[in-house]
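Scroll down for the structure; my scribbles are underneath it.
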Amino acid sequence: MTSSPALILRDALESVRRHTPQDYVIVDAALPTDHIASNFAARFAGIPATSISRPEKVVQYAVPDSPIPVLLGLYGCADRVRGWFPGLAKRTNLATVTRLLDELQPPQPGCAAACQQRIETGRLDLRTLPVLRATPRDAGPYLTMGLVHAQDQDRGELTLSTHRMLVLEGNRLAIWMVPGRRLRELYEAALRAGSRLPVGISIGAPPAAMLASALSTAALPVGVSKLAIAGALAGAAISTAPAISQPLPVLAESEIVLEGYLDQSVADETLQGAPSVSLPEFLGYDGEARTALPVVTVTALTSRLAPIYQAVIGPGREQSVILGLAGALSVALAGSDHDWRMITDLHYCAAGGGMLLLVIAVRKDSEAADGRLGRIARCIFDRHRFVKVIVFTDDDVDITSTEDVCWAITTRSNLGTDCITLPGYRPLPMDPSQRPEWGQARGADGGSARSFIDATIPYRLRHSTKRSFPALVQGSVR
């Protein structure tokens, strides 16, 4: 019996082959790993990697001198991804996440591990994997879809998060962990205790686990783990198995798993010379290489018999879909009051990398609701620090359509009065417009502000301001 496409990457691929074969491309001409990302960007990638607005195809590349193919674009279409998850509703709001929490599936431990059909220990060389370099400017080859998991003893759960990891040499990886992330907290706690932090890194992880990994930990109710949410999304529990060389469970259905540990070892994010550029960030600009990054020492490499190596190119549609779908769930989980019940749907636009630009559809029930949008915006800005711009629309607008959202902004707002800017937030350096030099060039310091646009009809005018034709919103006529 075939499992859910949300549980196993191979079933997600088979779902694409069966239902939308035109979206599955095999590039048989073997390309060097340093050229695969640029080929994908030129032929298949959309905003924000390129200026073209399009879903991304699923592309499998053959690699010279390697039996392991490279997979890009699997998550590059939101509709395709939604189709894998029985627990992911068409709209994201308080009611849908409440149902999701009622269907939690804790991970299933002690399973036979497909990811351990082949085992390598001892003297390891990570360069045997087809690790990509996105641009010639990159610091080196990076793992970009490595789902890192560590045992959180305090909460009794397995943490899940993705991070960029530079292959240094042999069995060593330099990892960038954003301050405040749970993995970094566990790493720093291990250092204070004079111990190591065991970690697993899944490549080609179950899609439900990959999506759940991008959830905000702070938004999760107490006692609810990301893996339990992943099970609810997939409609079945995620399987785990004991690691071969470290005292922690790993995701049993992954394609490839690296086992290792974090200790006091550090390295600059460069293979030669001073640190400069890391790799393209999710917004479409080069990232800044860091100094003294923690180092993962890999102690075992396990895989399926014929594994698939999964990656992203950085600022493509694929990463935006993962971050955006999980981000919308995180926002819906973050509130439960009357304001949150106004929200009928949430969508992070790919134009903001799936993190900075949030569109919210609301349904007002009184004139008082006109004044509640500011409270919702303030709450989201306070709890979700990557959000830079929020656009509120009525629920007759398809918030997944950039053109429809722009139509609402154009005809249902006057920016002089309906765009509100809130100061006092911490700038995000990966966004060039939030850096100090940008404000200096503009002659103002606006980099730490957040803004929301009210592109909704005033409640008292709702009957006199209607679309001439019903709008198609998320597949249903209104």
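Numbering starts fresh at 1 for the residues of each chain in the structure tokens, the chains themselves are lettered A, B, ... in the order given, and ligands are numbered from 1 as they appear.
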
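Residue neighbourhood of Gly416 of chain A, excluding near-sequence residues (fewer than 5 positions): Thr421, Ile453 and Asp454 of chain A, at 12 Å, using only C-alpha atoms.
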
Which of segment 59-100 of chain A DSSP labels helix (DSSP H, G or I), written as a ChimeraX atom specification: /A:78-82,94-100

DSSP-assigned strand (DSSP E) members of segment 118-232 of chain A, reported as a VMD selection string: chain A and resid 118 to 121 142 to 143 146 to 152 157 to 162 165 to 169 172 to 175 197 to 203

Residues as selected, C-alpha atoms, written as an mmCIF file, in the first residue's frame, can you do that?
```cif
data_model
loop_
_atom_site.group_PDB
_atom_site.id
_atom_site.type_symbol
_atom_site.label_atom_id
_atom_site.label_comp_id
_atom_site.auth_asym_id
_atom_site.auth_seq_id
_atom_site.Cartn_x
_atom_site.Cartn_y
_atom_site.Cartn_z
ATOM 1 C CA ARG A 118 23.590 1.767 3.566
ATOM 2 C CA ILE A 119 25.885 2.807 6.426
ATOM 3 C CA GLU A 120 29.240 4.569 6.350
ATOM 4 C CA THR A 121 31.299 5.324 9.452
ATOM 5 C CA TYR A 142 26.347 24.119 0.906
ATOM 6 C CA LEU A 143 23.752 21.757 2.290
ATOM 7 C CA GLY A 146 19.418 19.486 5.515
ATOM 8 C CA LEU A 147 16.724 19.144 8.188
ATOM 9 C CA VAL A 148 18.613 19.292 11.502
ATOM 10 C CA HIS A 149 17.180 17.497 14.513
ATOM 11 C CA ALA A 150 18.391 17.342 18.097
ATOM 12 C CA GLN A 151 16.922 15.914 21.288
ATOM 13 C CA ASP A 152 15.351 18.575 23.498
ATOM 14 C CA GLU A 157 10.868 16.110 21.892
ATOM 15 C CA LEU A 158 12.963 16.208 18.749
ATOM 16 C CA THR A 159 13.613 19.707 17.445
ATOM 17 C CA LEU A 160 13.405 20.349 13.696
ATOM 18 C CA SER A 161 15.000 23.239 11.809
ATOM 19 C CA THR A 162 16.850 23.986 8.570
ATOM 20 C CA MET A 165 25.769 24.344 6.205
ATOM 21 C CA LEU A 166 29.079 24.816 4.411
ATOM 22 C CA VAL A 167 31.049 21.655 3.630
ATOM 23 C CA LEU A 168 34.519 22.424 4.997
ATOM 24 C CA GLU A 169 36.453 19.220 4.411
ATOM 25 C CA ARG A 172 33.051 18.792 8.962
ATOM 26 C CA LEU A 173 30.251 21.297 8.338
ATOM 27 C CA ALA A 174 30.070 24.958 9.385
ATOM 28 C CA ILE A 175 26.477 25.742 10.413
ATOM 29 C CA LEU A 197 25.051 18.179 21.345
ATOM 30 C CA PRO A 198 24.237 15.117 19.180
ATOM 31 C CA VAL A 199 22.483 16.048 15.924
ATOM 32 C CA GLY A 200 21.020 14.332 12.893
ATOM 33 C CA ILE A 201 20.719 15.968 9.472
ATOM 34 C CA SER A 202 18.068 14.545 7.127
ATOM 35 C CA ILE A 203 18.391 15.181 3.394
#
```

Surrounding residues of Leu101 of chain A excluding itself and chain neighbours under 5 positions, 9 Å, only C-alpha atoms, as an MDAnalysis selection string: chainID A and resid 96 224 228:229 232

What's the 12 Å shell around Gly87 of chain A, counting only C-alpha atoms, without same-chain residues fewer than 4 positions away, as a short mmCIF file (atom, residue, chain, number, x, y, z; two decimals) with C-alpha atoms, in the first residue's frame?
```cif
data_model
loop_
_atom_site.label_atom_id
_atom_site.label_comp_id
_atom_site.auth_asym_id
_atom_site.auth_seq_id
_atom_site.Cartn_x
_atom_site.Cartn_y
_atom_site.Cartn_z
CA SER A 4 0.80 9.51 1.94
CA ALA A 6 3.49 13.83 2.88
CA VAL A 81 2.39 20.88 -2.04
CA ARG A 82 -1.06 21.39 -0.54
CA GLY A 83 -2.27 18.33 -2.42
CA ARG A 91 -7.61 28.28 3.92
CA THR A 92 -5.45 29.00 6.94
CA THR A 96 -8.38 25.17 10.53
CA VAL A 97 -5.45 25.12 12.96
CA THR A 98 -7.83 24.18 15.79
CA ARG A 99 -8.85 21.12 13.76
CA LEU A 100 -5.18 20.39 13.07
CA LEU A 101 -4.41 20.39 16.79
CA ASP A 102 -7.26 17.92 17.32
CA GLU A 103 -5.54 15.49 14.92
CA LEU A 104 -2.00 15.46 16.33
CA GLN A 105 0.04 12.34 15.57
CA ALA A 208 5.44 16.83 6.39
CA ALA A 212 6.60 21.49 10.11
CA ALA A 228 3.25 15.84 16.11
CA ILE A 229 2.08 18.68 13.84
CA ALA A 230 3.84 16.95 10.93
CA GLY A 231 1.84 13.81 11.68
CA ALA A 232 -1.39 15.80 11.70
CA LEU A 233 -0.50 17.35 8.33
CA ALA A 234 0.36 13.96 6.83
CA GLY A 235 -2.57 12.13 8.39
CA ALA A 236 -0.17 9.56 9.89
CA LEU A 329 0.06 28.23 10.17
#
```

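Each of A:Ala377, A:Asp268, A:Asp345, A:Pro249 was compared to Cys111 of chain A using only C-alpha atoms, and A:Pro249 turns out to be the nearest.
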
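Distances to Ala139 of chain A were evaluated for A:Ala45, A:Leu279, A:Ala326, A:Ile8 using only C-alpha atoms, and the minimum falls at A:Leu279.
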
Shell of 9 Å around segment 241-245 of chain A, only C-alpha atoms, local chain residues under 3 positions omitted, as a ChimeraX atom specification: /A:108-113,116,119,121,200,248-252,259-260,299-300,302

Any chance you can output those residues with N, CA and C atoms as a PDB file, in the first residue's frame?
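Written output follows (part05.pdb):
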```
ATOM      1  N   GLN A 108       6.274   7.988  15.580  1.00  0.00           N
ATOM      2  CA  GLN A 108       6.272   6.553  15.861  1.00  0.00           C
ATOM      3  C   GLN A 108       7.709   6.069  15.968  1.00  0.00           C
ATOM      4  N   PRO A 109       8.198   5.777  17.185  1.00  0.00           N
ATOM      5  CA  PRO A 109       9.610   5.420  17.370  1.00  0.00           C
ATOM      6  C   PRO A 109       9.892   3.953  17.094  1.00  0.00           C
ATOM      7  N   GLY A 110      11.197   3.644  16.988  1.00  0.00           N
ATOM      8  CA  GLY A 110      11.637   2.259  16.895  1.00  0.00           C
ATOM      9  C   GLY A 110      11.346   1.586  15.588  1.00  0.00           C
ATOM     10  N   CYS A 111      11.132   2.365  14.513  1.00  0.00           N
ATOM     11  CA  CYS A 111      10.766   1.778  13.229  1.00  0.00           C
ATOM     12  C   CYS A 111      12.003   1.296  12.467  1.00  0.00           C
ATOM     13  N   ALA A 112      11.755   0.383  11.522  1.00  0.00           N
ATOM     14  CA  ALA A 112      12.819   0.002  10.597  1.00  0.00           C
ATOM     15  C   ALA A 112      13.180   1.227   9.770  1.00  0.00           C
ATOM     16  N   ALA A 113      14.472   1.477   9.614  1.00  0.00           N
ATOM     17  CA  ALA A 113      14.924   2.727   8.999  1.00  0.00           C
ATOM     18  C   ALA A 113      15.321   2.510   7.550  1.00  0.00           C
ATOM     19  N   GLN A 116      18.738   3.736   6.606  1.00  0.00           N
ATOM     20  CA  GLN A 116      19.929   3.020   7.073  1.00  0.00           C
ATOM     21  C   GLN A 116      20.195   1.752   6.274  1.00  0.00           C
ATOM     22  N   ILE A 119      25.287   2.153   5.259  1.00  0.00           N
ATOM     23  CA  ILE A 119      25.885   2.807   6.426  1.00  0.00           C
ATOM     24  C   ILE A 119      27.369   3.018   6.182  1.00  0.00           C
ATOM     25  N   THR A 121      30.728   4.722   8.253  1.00  0.00           N
ATOM     26  CA  THR A 121      31.299   5.324   9.452  1.00  0.00           C
ATOM     27  C   THR A 121      32.810   5.415   9.253  1.00  0.00           C
ATOM     28  N   GLY A 200      21.229  15.046  14.142  1.00  0.00           N
ATOM     29  CA  GLY A 200      21.020  14.332  12.893  1.00  0.00           C
ATOM     30  C   GLY A 200      20.653  15.344  11.828  1.00  0.00           C
ATOM     31  N   LEU A 248      20.407   9.583  19.669  1.00  0.00           N
ATOM     32  CA  LEU A 248      19.190  10.321  19.352  1.00  0.00           C
ATOM     33  C   LEU A 248      18.447   9.578  18.252  1.00  0.00           C
ATOM     34  N   PRO A 249      17.134   9.830  18.107  1.00  0.00           N
ATOM     35  CA  PRO A 249      16.400   9.241  16.987  1.00  0.00           C
ATOM     36  C   PRO A 249      16.619  10.050  15.714  1.00  0.00           C
ATOM     37  N   VAL A 250      16.434   9.400  14.571  1.00  0.00           N
ATOM     38  CA  VAL A 250      16.508  10.068  13.278  1.00  0.00           C
ATOM     39  C   VAL A 250      15.217   9.810  12.522  1.00  0.00           C
ATOM     40  N   LEU A 251      14.972  10.578  11.468  1.00  0.00           N
ATOM     41  CA  LEU A 251      13.759  10.414  10.672  1.00  0.00           C
ATOM     42  C   LEU A 251      13.952   9.233   9.729  1.00  0.00           C
ATOM     43  N   ALA A 252      13.215   8.166   9.990  1.00  0.00           N
ATOM     44  CA  ALA A 252      13.504   6.870   9.366  1.00  0.00           C
ATOM     45  C   ALA A 252      13.302   6.851   7.863  1.00  0.00           C
ATOM     46  N   GLU A 259      24.799  11.810  10.736  1.00  0.00           N
ATOM     47  CA  GLU A 259      24.789  11.836  12.195  1.00  0.00           C
ATOM     48  C   GLU A 259      26.073  12.488  12.682  1.00  0.00           C
ATOM     49  N   GLY A 260      25.987  13.253  13.746  1.00  0.00           N
ATOM     50  CA  GLY A 260      27.191  13.898  14.254  1.00  0.00           C
ATOM     51  C   GLY A 260      26.927  14.653  15.536  1.00  0.00           C
ATOM     52  N   THR A 299      29.734  11.789  12.167  1.00  0.00           N
ATOM     53  CA  THR A 299      30.266  10.490  12.609  1.00  0.00           C
ATOM     54  C   THR A 299      29.701   9.315  11.815  1.00  0.00           C
ATOM     55  N   ALA A 300      28.629   9.530  11.073  1.00  0.00           N
ATOM     56  CA  ALA A 300      28.068   8.460  10.241  1.00  0.00           C
ATOM     57  C   ALA A 300      27.258   9.076   9.121  1.00  0.00           C
ATOM     58  N   THR A 302      24.333   7.647   6.557  1.00  0.00           N
ATOM     59  CA  THR A 302      23.469   6.528   6.199  1.00  0.00           C
ATOM     60  C   THR A 302      22.522   6.965   5.087  1.00  0.00           C
TER      61      THR A 302
END
```

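Proximity of A:Arg385, A:Arg317, A:Arg450, A:Arg184 to Ser51 of chain A, computed with only C-alpha atoms, is greatest for A:Arg317.
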
For segment 460-462 of chain A: contacts at 10 Å, only C-alpha atoms, fewer than 3 positions along chain excluded, given as an MDAnalysis selection string: chainID A and resid 364 366:367 370 394 456:457 465:466

Deliver the residues from the most recent selection as a file, using C-alpha atoms, as a compact mmCIF listing (two decimals), in the first residue's frame.
```txt
# COMPACT_ATOMS: atom_id res chain seq x y z
CA LYS A 364 -15.81 42.20 9.48
CA SER A 366 -19.32 45.50 12.80
CA GLU A 367 -17.98 49.04 12.42
CA ASP A 370 -12.53 48.60 11.16
CA ASP A 394 -11.72 41.57 2.38
CA THR A 456 -10.59 46.64 3.06
CA ILE A 457 -13.96 48.25 2.50
CA THR A 465 -18.88 48.78 -2.78
CA LYS A 466 -19.07 45.37 -4.41
```

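Using only C-alpha atoms for every distance, the candidate list A:Glu253, A:Ser448, A:Gly327, A:Thr417 yields A:Ser448 as the residue closest to Pro436 of chain A.
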
Selection near Leu220 of chain A, 9 Å with only C-alpha atoms, sequence-local residues under 4 positions removed, as an MDAnalysis selection string: chainID A and resid 215:216 224:226 330 333:334

Residues as selected, C-alpha atoms, written as a PDB file, in the first residue's frame, can you do that?
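Generated output (selection-v6.pdb):
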```
ATOM      1  CA  LEU A 215       6.825  26.510  12.065  1.00  0.00           C
ATOM      2  CA  SER A 216       7.561  29.074  14.745  1.00  0.00           C
ATOM      3  CA  VAL A 224       2.898  20.217  21.101  1.00  0.00           C
ATOM      4  CA  SER A 225       5.935  19.249  19.028  1.00  0.00           C
ATOM      5  CA  LYS A 226       6.691  19.964  15.390  1.00  0.00           C
ATOM      6  CA  SER A 330       2.311  29.879  12.765  1.00  0.00           C
ATOM      7  CA  LEU A 333      -1.652  29.419  15.915  1.00  0.00           C
ATOM      8  CA  ALA A 334      -0.480  32.618  17.613  1.00  0.00           C
TER       9      ALA A 334
END
```

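Interatomic distance, atom CA of Arg363 of chain A to atom CA of Ile399 of chain A: 13.3 Å.
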
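Rounded to one decimal, atom CA of Ile36 of chain A and atom CA of Ala214 of chain A lie 25.3 Å from each other.
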
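Between Gly76 of chain A and the candidates A:Ala30, A:Ala292, A:Val16, A:Val389, the tightest atom-to-atom separation, counting only C-alpha atoms, involves A:Val16.
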